[in-house]
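Coordinates from data-v3.cif are shown below (mmCIF, C-alpha atoms).
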data_work
#
loop_
_atom_site.group_PDB
_atom_site.id
_atom_site.type_symbol
_atom_site.label_atom_id
_atom_site.label_comp_id
_atom_site.auth_asym_id
_atom_site.auth_seq_id
_atom_site.Cartn_x
_atom_site.Cartn_y
_atom_site.Cartn_z
ATOM 1 C CA MET A 264 -126.013 203.996 -4.528
ATOM 2 C CA HIS A 265 -123.251 203.499 -7.072
ATOM 3 C CA THR A 266 -121.829 206.693 -8.563
ATOM 4 C CA TYR A 267 -122.750 205.715 -12.141
ATOM 5 C CA GLN A 268 -126.383 205.166 -11.142
ATOM 6 C CA GLU A 269 -126.408 208.601 -9.494
ATOM 7 C CA ILE A 270 -124.887 210.134 -12.624
ATOM 8 C CA ASN A 271 -127.485 208.412 -14.850
ATOM 9 C CA ILE A 272 -130.335 209.791 -12.707
ATOM 10 C CA LEU A 273 -128.837 213.298 -12.786
ATOM 11 C CA LYS A 274 -128.335 213.062 -16.547
ATOM 12 C CA ASN A 275 -132.011 212.113 -17.038
ATOM 13 C CA ARG A 276 -133.041 215.147 -14.993
ATOM 14 C CA LEU A 277 -130.751 217.296 -17.097
ATOM 15 C CA ASN A 278 -132.337 215.983 -20.300
ATOM 16 C CA GLU A 279 -135.714 217.282 -19.097
ATOM 17 C CA TYR A 280 -134.296 220.796 -18.797
ATOM 18 C CA ARG A 281 -132.251 220.561 -21.959
ATOM 19 C CA LYS A 282 -135.335 221.113 -24.105
ATOM 20 C CA THR A 283 -135.258 224.718 -22.890
ATOM 21 C CA GLU A 284 -131.493 225.072 -22.461
ATOM 22 C CA HIS A 285 -130.165 228.590 -22.879
ATOM 23 C CA PRO A 286 -127.009 228.831 -25.022
ATOM 24 C CA LYS A 287 -125.551 231.341 -22.533
ATOM 25 C CA VAL A 288 -125.327 228.627 -19.860
ATOM 26 C CA ALA A 289 -123.359 226.335 -22.175
ATOM 27 C CA LYS A 290 -121.116 229.224 -23.292
ATOM 28 C CA ALA A 291 -120.287 230.231 -19.700
ATOM 29 C CA LEU A 292 -119.327 226.637 -18.876
ATOM 30 C CA GLU A 293 -117.143 226.404 -21.988
ATOM 31 C CA ILE A 294 -115.249 229.582 -21.070
ATOM 32 C CA GLU A 295 -114.757 228.252 -17.562
ATOM 33 C CA TYR A 296 -113.532 224.929 -18.966
ATOM 34 C CA THR A 297 -110.986 226.726 -21.184
ATOM 35 C CA TYR A 298 -109.832 228.828 -18.229
ATOM 36 C CA GLU A 299 -109.439 225.848 -15.862
ATOM 37 C CA SER A 300 -107.840 223.496 -18.421
ATOM 38 C CA ASN A 301 -105.261 226.117 -19.406
ATOM 39 C CA LYS A 302 -104.678 227.052 -15.761
ATOM 40 C CA ILE A 303 -103.728 223.429 -15.001
ATOM 41 C CA GLU A 304 -100.934 223.909 -17.562
ATOM 42 C CA GLY A 305 -99.750 227.208 -16.051
ATOM 43 C CA ASN A 306 -101.670 229.815 -18.096
ATOM 44 C CA THR A 307 -102.059 232.962 -15.939
ATOM 45 C CA LEU A 308 -105.156 234.529 -17.553
ATOM 46 C CA THR A 309 -107.979 234.983 -15.024
ATOM 47 C CA LEU A 310 -111.499 233.759 -15.759
ATOM 48 C CA GLN A 311 -112.601 237.320 -16.646
ATOM 49 C CA GLU A 312 -109.556 237.852 -18.878
ATOM 50 C CA THR A 313 -110.184 234.520 -20.608
ATOM 51 C CA ALA A 314 -113.783 235.602 -21.285
ATOM 52 C CA LEU A 315 -112.626 238.956 -22.709
ATOM 53 C CA VAL A 316 -110.098 237.286 -25.015
ATOM 54 C CA ILE A 317 -112.618 234.705 -26.254
ATOM 55 C CA GLU A 318 -115.783 236.798 -26.529
ATOM 56 C CA LYS A 319 -114.449 240.272 -27.310
ATOM 57 C CA GLY A 320 -111.067 239.548 -28.894
ATOM 58 C CA ILE A 321 -109.450 241.927 -26.412
ATOM 59 C CA THR A 322 -105.767 241.535 -25.577
ATOM 60 C CA VAL A 323 -104.795 241.723 -21.920
ATOM 61 C CA GLY A 324 -101.762 243.851 -21.002
ATOM 62 C CA GLY A 325 -98.859 242.015 -19.424
ATOM 63 C CA LYS A 326 -99.943 238.579 -20.684
ATOM 64 C CA THR A 327 -98.000 236.725 -23.374
ATOM 65 C CA LEU A 328 -99.216 236.135 -26.915
ATOM 66 C CA ASN A 329 -99.154 232.383 -26.268
ATOM 67 C CA GLU A 330 -101.489 232.747 -23.284
ATOM 68 C CA HIS A 331 -103.983 234.563 -25.522
ATOM 69 C CA LEU A 332 -103.591 231.937 -28.247
ATOM 70 C CA GLU A 333 -104.117 229.129 -25.729
ATOM 71 C CA ALA A 334 -107.515 230.610 -24.821
ATOM 72 C CA ILE A 335 -108.556 231.131 -28.466
ATOM 73 C CA ASN A 336 -107.234 227.733 -29.627
ATOM 74 C CA HIS A 337 -108.899 225.845 -26.800
ATOM 75 C CA THR A 338 -112.234 227.492 -27.643
ATOM 76 C CA GLN A 339 -111.869 226.375 -31.267
ATOM 77 C CA ALA A 340 -111.012 222.855 -30.080
ATOM 78 C CA ILE A 341 -114.223 222.823 -27.985
ATOM 79 C CA ASP A 342 -116.227 223.883 -31.059
ATOM 80 C CA TYR A 343 -114.556 221.065 -32.991
ATOM 81 C CA ILE A 344 -115.381 218.361 -30.412
ATOM 82 C CA LYS A 345 -118.988 219.640 -30.245
ATOM 83 C CA GLU A 346 -119.262 219.196 -34.023
ATOM 84 C CA LEU A 347 -117.688 215.727 -33.821
ATOM 85 C CA ALA A 348 -120.099 214.752 -31.036
ATOM 86 C CA LYS A 349 -123.046 215.731 -33.249
ATOM 87 C CA ASP A 350 -121.792 214.081 -36.435
ATOM 88 C CA LYS A 351 -120.429 210.716 -35.344
ATOM 89 C CA ASN A 352 -120.455 208.343 -32.416
ATOM 90 C CA ASN A 353 -116.930 206.983 -32.725
ATOM 91 C CA ILE A 354 -113.498 208.626 -32.549
ATOM 92 C CA SER A 355 -110.514 208.053 -34.829
ATOM 93 C CA GLU A 356 -106.826 208.753 -34.513
ATOM 94 C CA ARG A 357 -107.282 211.445 -37.139
ATOM 95 C CA ASP A 358 -109.861 213.234 -34.962
ATOM 96 C CA LEU A 359 -107.404 213.237 -32.080
ATOM 97 C CA LEU A 360 -104.583 214.662 -34.216
ATOM 98 C CA GLN A 361 -106.945 217.402 -35.375
ATOM 99 C CA ILE A 362 -107.814 218.296 -31.759
ATOM 100 C CA HIS A 363 -104.107 218.557 -30.938
ATOM 101 C CA SER A 364 -103.441 220.560 -34.076
ATOM 102 C CA LEU A 365 -106.039 223.131 -32.977
ATOM 103 C CA ILE A 366 -104.489 223.373 -29.485
ATOM 104 C CA LEU A 367 -101.030 224.281 -30.813
ATOM 105 C CA GLN A 368 -101.949 226.306 -33.917
ATOM 106 C CA GLY A 369 -99.905 229.497 -34.066
ATOM 107 C CA ILE A 370 -97.965 228.422 -30.949
ATOM 108 C CA ASP A 371 -95.813 225.536 -32.194
ATOM 109 C CA LYS A 372 -96.566 224.857 -35.835
ATOM 110 C CA PRO A 373 -94.001 222.054 -36.449
ATOM 111 C CA ASN A 374 -95.423 219.989 -33.565
ATOM 112 C CA ALA A 375 -99.147 220.690 -34.047
ATOM 113 C CA GLY A 376 -100.982 217.455 -34.792
ATOM 114 C CA VAL A 377 -97.706 215.517 -34.961
ATOM 115 C CA TYR A 378 -96.423 212.771 -32.640
ATOM 116 C CA ARG A 379 -93.165 213.597 -30.869
ATOM 117 C CA SER A 380 -89.862 212.345 -32.275
ATOM 118 C CA VAL A 381 -87.924 212.964 -29.051
ATOM 119 C CA GLN A 382 -87.875 211.338 -25.621
ATOM 120 C CA VAL A 383 -89.500 213.480 -22.921
ATOM 121 C CA LEU A 384 -89.471 213.536 -19.135
ATOM 122 C CA ILE A 385 -92.371 215.013 -17.184
ATOM 123 C CA SER A 386 -91.007 217.258 -14.448
ATOM 124 C CA GLY A 387 -91.986 216.084 -10.989
ATOM 125 C CA ALA A 388 -93.517 212.812 -12.236
ATOM 126 C CA LYS A 389 -92.293 209.264 -11.653
ATOM 127 C CA HIS A 390 -93.836 207.968 -14.885
ATOM 128 C CA ILE A 391 -91.444 207.920 -17.857
ATOM 129 C CA PRO A 392 -93.318 208.142 -21.193
ATOM 130 C CA PRO A 393 -92.448 205.628 -23.919
ATOM 131 C CA GLN A 394 -89.683 206.113 -26.485
ATOM 132 C CA PRO A 395 -90.885 208.028 -29.586
ATOM 133 C CA LEU A 396 -90.451 204.970 -31.850
ATOM 134 C CA LEU A 397 -93.130 203.148 -29.850
ATOM 135 C CA ILE A 398 -95.762 205.902 -30.073
ATOM 136 C CA PRO A 399 -97.409 205.090 -33.452
ATOM 137 C CA GLN A 400 -98.073 201.485 -32.392
ATOM 138 C CA GLN A 401 -99.227 202.484 -28.910
ATOM 139 C CA MET A 402 -101.656 204.980 -30.431
ATOM 140 C CA LYS A 403 -103.028 202.303 -32.773
ATOM 141 C CA ASP A 404 -103.439 200.032 -29.732
ATOM 142 C CA LEU A 405 -105.203 202.856 -27.861
ATOM 143 C CA PHE A 406 -107.846 203.132 -30.586
ATOM 144 C CA LEU A 407 -108.189 199.348 -30.851
ATOM 145 C CA TRP A 408 -108.861 199.330 -27.088
ATOM 146 C CA TYR A 409 -111.358 202.173 -27.527
ATOM 147 C CA ASN A 410 -113.264 200.350 -30.261
ATOM 148 C CA GLU A 411 -113.396 197.163 -28.198
ATOM 149 C CA ASN A 412 -114.634 198.930 -25.063
ATOM 150 C CA LYS A 413 -116.729 201.901 -26.223
ATOM 151 C CA ASN A 414 -119.987 199.962 -25.978
ATOM 152 C CA LYS A 415 -119.029 197.901 -22.918
ATOM 153 C CA LEU A 416 -117.956 200.497 -20.339
ATOM 154 C CA HIS A 417 -120.066 203.231 -18.768
ATOM 155 C CA PRO A 418 -119.305 206.416 -20.783
ATOM 156 C CA VAL A 419 -117.835 208.142 -17.715
ATOM 157 C CA GLU A 420 -115.437 205.251 -17.103
ATOM 158 C CA LEU A 421 -114.586 205.094 -20.818
ATOM 159 C CA SER A 422 -113.811 208.831 -20.884
ATOM 160 C CA ALA A 423 -111.575 208.553 -17.792
ATOM 161 C CA GLU A 424 -109.768 205.492 -19.189
ATOM 162 C CA MET A 425 -109.052 207.205 -22.516
ATOM 163 C CA HIS A 426 -107.783 210.269 -20.664
ATOM 164 C CA ILE A 427 -105.354 208.179 -18.568
ATOM 165 C CA ARG A 428 -104.217 206.018 -21.474
ATOM 166 C CA LEU A 429 -103.507 208.992 -23.750
ATOM 167 C CA VAL A 430 -101.677 211.060 -21.154
ATOM 168 C CA THR A 431 -99.589 207.981 -20.210
ATOM 169 C CA ILE A 432 -98.428 207.525 -23.823
ATOM 170 C CA HIS A 433 -97.732 211.291 -23.813
ATOM 171 C CA PRO A 434 -97.584 211.246 -27.619
ATOM 172 C CA PHE A 435 -96.964 214.970 -28.128
ATOM 173 C CA VAL A 436 -94.142 217.332 -27.202
ATOM 174 C CA ASP A 437 -96.698 219.715 -25.680
ATOM 175 C CA GLY A 438 -100.471 219.862 -25.157
ATOM 176 C CA ASN A 439 -100.929 216.285 -23.877
ATOM 177 C CA GLY A 440 -103.010 217.306 -20.855
ATOM 178 C CA ARG A 441 -105.350 219.604 -22.754
ATOM 179 C CA THR A 442 -105.760 217.060 -25.564
ATOM 180 C CA SER A 443 -106.494 214.253 -23.069
ATOM 181 C CA ARG A 444 -109.139 216.375 -21.334
ATOM 182 C CA LEU A 445 -110.699 217.277 -24.693
ATOM 183 C CA LEU A 446 -110.758 213.595 -25.709
ATOM 184 C CA MET A 447 -112.446 212.776 -22.381
ATOM 185 C CA ASN A 448 -115.028 215.510 -22.955
ATOM 186 C CA LEU A 449 -115.646 214.453 -26.542
ATOM 187 C CA ILE A 450 -116.639 210.993 -25.219
ATOM 188 C CA LEU A 451 -118.867 212.606 -22.571
ATOM 189 C CA LEU A 452 -120.533 214.901 -25.158
ATOM 190 C CA GLN A 453 -121.136 211.993 -27.549
ATOM 191 C CA ASN A 454 -122.982 210.235 -24.745
ATOM 192 C CA GLY A 455 -125.185 213.180 -23.786
ATOM 193 C CA TYR A 456 -123.193 214.494 -20.816
ATOM 194 C CA PRO A 457 -122.102 218.103 -20.310
ATOM 195 C CA ILE A 458 -118.403 219.005 -20.432
ATOM 196 C CA ALA A 459 -116.648 218.009 -17.194
ATOM 197 C CA ILE A 460 -114.472 220.764 -15.766
ATOM 198 C CA LEU A 461 -111.348 219.695 -13.883
ATOM 199 C CA LYS A 462 -110.200 222.671 -11.822
ATOM 200 C CA GLY A 463 -106.794 224.337 -12.072
ATOM 201 C CA ASP A 464 -106.276 225.693 -8.537
ATOM 202 C CA SER A 465 -103.244 224.274 -6.668
ATOM 203 C CA GLU A 466 -105.178 221.826 -4.494
ATOM 204 C CA SER A 467 -107.333 220.430 -7.328
ATOM 205 C CA ARG A 468 -104.367 220.218 -9.665
ATOM 206 C CA LEU A 469 -102.378 218.286 -7.060
ATOM 207 C CA SER A 470 -105.243 215.784 -6.530
ATOM 208 C CA TYR A 471 -105.526 215.379 -10.305
ATOM 209 C CA TYR A 472 -101.784 214.772 -10.803
ATOM 210 C CA ASN A 473 -101.595 212.439 -7.792
ATOM 211 C CA ALA A 474 -104.535 210.388 -9.097
ATOM 212 C CA LEU A 475 -102.860 210.207 -12.532
ATOM 213 C CA GLU A 476 -99.552 209.152 -11.025
ATOM 214 C CA THR A 477 -101.219 206.425 -8.919
ATOM 215 C CA ALA A 478 -102.753 205.077 -12.141
ATOM 216 C CA GLN A 479 -99.493 205.285 -14.085
ATOM 217 C CA VAL A 480 -97.013 204.051 -11.486
ATOM 218 C CA GLN A 481 -99.083 201.651 -9.379
ATOM 219 C CA GLY A 482 -101.576 200.603 -12.052
ATOM 220 C CA ASP A 483 -104.490 201.561 -9.792
ATOM 221 C CA LYS A 484 -106.940 203.613 -11.855
ATOM 222 C CA LYS A 485 -109.800 203.710 -9.366
ATOM 223 C CA ILE A 486 -108.859 207.040 -7.736
ATOM 224 C CA PHE A 487 -108.596 208.734 -11.128
ATOM 225 C CA ILE A 488 -111.839 207.249 -12.479
ATOM 226 C CA ASP A 489 -113.647 208.289 -9.261
ATOM 227 C CA LEU A 490 -112.209 211.803 -9.617
ATOM 228 C CA ILE A 491 -113.637 212.078 -13.146
ATOM 229 C CA ALA A 492 -117.001 210.581 -12.057
ATOM 230 C CA ASN A 493 -117.256 213.136 -9.229
ATOM 231 C CA THR A 494 -116.307 215.950 -11.608
ATOM 232 C CA VAL A 495 -119.082 214.888 -14.021
ATOM 233 C CA LYS A 496 -121.542 214.753 -11.123
ATOM 234 C CA GLU A 497 -120.535 218.236 -9.903
ATOM 235 C CA THR A 498 -120.890 219.704 -13.393
ATOM 236 C CA ILE A 499 -124.376 218.218 -13.903
ATOM 237 C CA ASN A 500 -125.466 219.435 -10.458
ATOM 238 C CA ARG A 501 -124.225 222.935 -11.270
ATOM 239 C CA VAL A 502 -126.123 223.033 -14.565
ATOM 240 C CA LEU A 503 -129.263 221.709 -12.812
ATOM 241 C CA SER A 504 -128.978 224.381 -10.127
ATOM 242 C CA VAL A 505 -128.800 227.091 -12.820
ATOM 243 C CA PHE A 506 -131.985 225.747 -14.405
ATOM 244 C CA SER A 507 -133.855 225.356 -11.132
ATOM 245 C CA ASN A 508 -133.012 228.958 -10.185
ATOM 246 C CA SER A 509 -134.000 230.437 -13.520
#

Let's see the structure in the file written out as structure tokens.
Amino acid sequence: MHTYQEINILKNRLNEYRKTEHPKVAKALEIEYTYESNKIEGNTLTLQETALVIEKGITVGGKTLNEHLEAINHTQAIDYIKELAKDKNNISERDLLQIHSLILQGIDKPNAGVYRSVQVLISGAKHIPPQPLLIPQQMKDLFLWYNENKNKLHPVELSAEMHIRLVTIHPFVDGNGRTSRLLMNLILLQNGYPIAILKGDSESRLSYYNALETAQVQGDKKIFIDLIANTVKETINRVLSVFSNS
């Protein structure tokens, strides 16, 4: 059976349970998503520490202020994409800039919600992001592509494509990965899927970066799209197992 068919069946099962969904389940997944997404970028807070920072406002000794802010900011960005998913079924460039602005608030004010004006190199990656002068047009093209394809592609494929395309443009000085994953999850939420959690441990992170690089350097997106599809499937199965055990 094709992965998308499997995902559709799982999603329908999830919708049956959703009528009785407990907010604590969603909250636990959101904290885990924040923890994993920040871990991919090198944040050293543990899952428990991330939960303490987010839910209790407790500061953790020996961790930097930025690591605390990354947890708090990411949580606010999740709240923002949940609101967007409820209110509208399309996404604009302005929405994306707002997501990025939330990610970097209090960390790097001059660059929050602003496209980069410098050339960047991604350490360890073969892909060289475009010159800053090209970014505004490439971002306009990204949203033109989105509007042309949002009703044609399966939502999981659309979310993976937007993730790849945004991270390849690399429009920001910092926060590109987190913003791309939030954009992906906004598309999933708008289409009735739970948030997909890409893991931040070394092995998972390596698979994720390798799949991205294959898409960027060789133009083969299949591995990356499959990775996202499997992540969506895993997340739905986990939520279903919580419901069936409760």

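If you measure from each of A:Val480, A:Ile335, A:Ile398, A:Ile303 to A:Leu461 using all atoms listed in the file, the closest one turns out to be A:Ile303.
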
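Of the listed residues A:Ser386, A:Gln400, A:Thr322, A:Ser422, the one whose atoms come nearest to A:Tyr472 is A:Ser386, with distances taken using only C-alpha atoms.
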
**OP:** Could you give me, as a PyMOL selection string, the residues within 12 Å of A:Lys389, counting all atoms listed in the file and dropping anything in the same chain fewer than 6 positions from it?
**Re:** chain A and resi 431+472-473+475-481

**OP:** With a distance cut-off of 12 Å and all atoms listed in the file, select the neighbouring residues of A:Thr327, excluding the residue or stretch itself and same-chain residues fewer than 3 positions from it, and output the selection as a list in words.
**Re:** Asn306, Thr307, Leu308, Thr322, Val323, Gly324, Glu330, His331, Leu332, Glu333, Ala334 and Ile370 of chain A

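Using the PyMOL selection byres ((chain A and resi 413) around 12) on this structure selects Asn352, Asn353, Ile354, Leu405, Phe406, Leu407, Trp408, Tyr409, Asn410, Glu411, Asn412, Asn414, Lys415, Leu416, His417, Pro418, Val419, Glu420, Leu421, Ser422, Ala423, Glu424, Met425, Ile450, Leu451, Gln453 and Asn454 of chain A.
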
Subject >> Residue IDs satisfying the PyMOL selection byres ((chain A and resi 367) around 12), as a ChimeraX atom specification >> reply: /A:329-337,339-340,360-366,368-377,435-439,441-442

Apply the PyMOL selection byres ((chain A and resi 503) around 10) to the structure shown and report the selected residues as a compact mmCIF listing (two decimals) with C-alpha atoms, in the coordinates of the input.
# COMPACT_ATOMS: atom_id res chain seq x y z
CA LEU A 273 -128.84 213.30 -12.79
CA LYS A 274 -128.34 213.06 -16.55
CA ARG A 276 -133.04 215.15 -14.99
CA LEU A 277 -130.75 217.30 -17.10
CA ASN A 278 -132.34 215.98 -20.30
CA TYR A 280 -134.30 220.80 -18.80
CA ARG A 281 -132.25 220.56 -21.96
CA GLU A 497 -120.54 218.24 -9.90
CA THR A 498 -120.89 219.70 -13.39
CA ILE A 499 -124.38 218.22 -13.90
CA ASN A 500 -125.47 219.44 -10.46
CA ARG A 501 -124.22 222.94 -11.27
CA VAL A 502 -126.12 223.03 -14.56
CA SER A 504 -128.98 224.38 -10.13
CA VAL A 505 -128.80 227.09 -12.82
CA PHE A 506 -131.99 225.75 -14.40
CA SER A 507 -133.85 225.36 -11.13
CA ASN A 508 -133.01 228.96 -10.18
CA SER A 509 -134.00 230.44 -13.52

Emit as JSON the padded axis-aligned box for all listed atoms of stretch 481-488 of chain A, 4 Å per side, with centre and edge lengths in Å to one decimal.
{"center_x": -105.5, "center_y": 204.7, "center_z": -10.1, "size_x": 20.8, "size_y": 16.1, "size_z": 12.7}

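Atom CA of A:His426 lies 12.0 Å from atom CA of A:Ala474.
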
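Those residues that approach A:Thr309 to within 10 Å, counting all atoms listed in the file, are A:Glu295, A:Tyr298, A:Glu299, A:Lys302, A:Thr313, A:Ala314, A:Leu315; same-chain residues fewer than 4 positions away are not listed.
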
Just C-alpha atoms for this one: save the residues we selected as a short mmCIF file (atom, residue, chain, number, x, y, z; two decimals), keeping the file's coordinate frame.
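The result, stored in result37.cif:
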data_model
loop_
_atom_site.label_atom_id
_atom_site.label_comp_id
_atom_site.auth_asym_id
_atom_site.auth_seq_id
_atom_site.Cartn_x
_atom_site.Cartn_y
_atom_site.Cartn_z
CA GLU A 295 -114.76 228.25 -17.56
CA TYR A 298 -109.83 228.83 -18.23
CA GLU A 299 -109.44 225.85 -15.86
CA LYS A 302 -104.68 227.05 -15.76
CA THR A 313 -110.18 234.52 -20.61
CA ALA A 314 -113.78 235.60 -21.28
CA LEU A 315 -112.63 238.96 -22.71
#

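Atom CA of A:Arg468 is found 21.2 Å from atom CA of A:Pro434.
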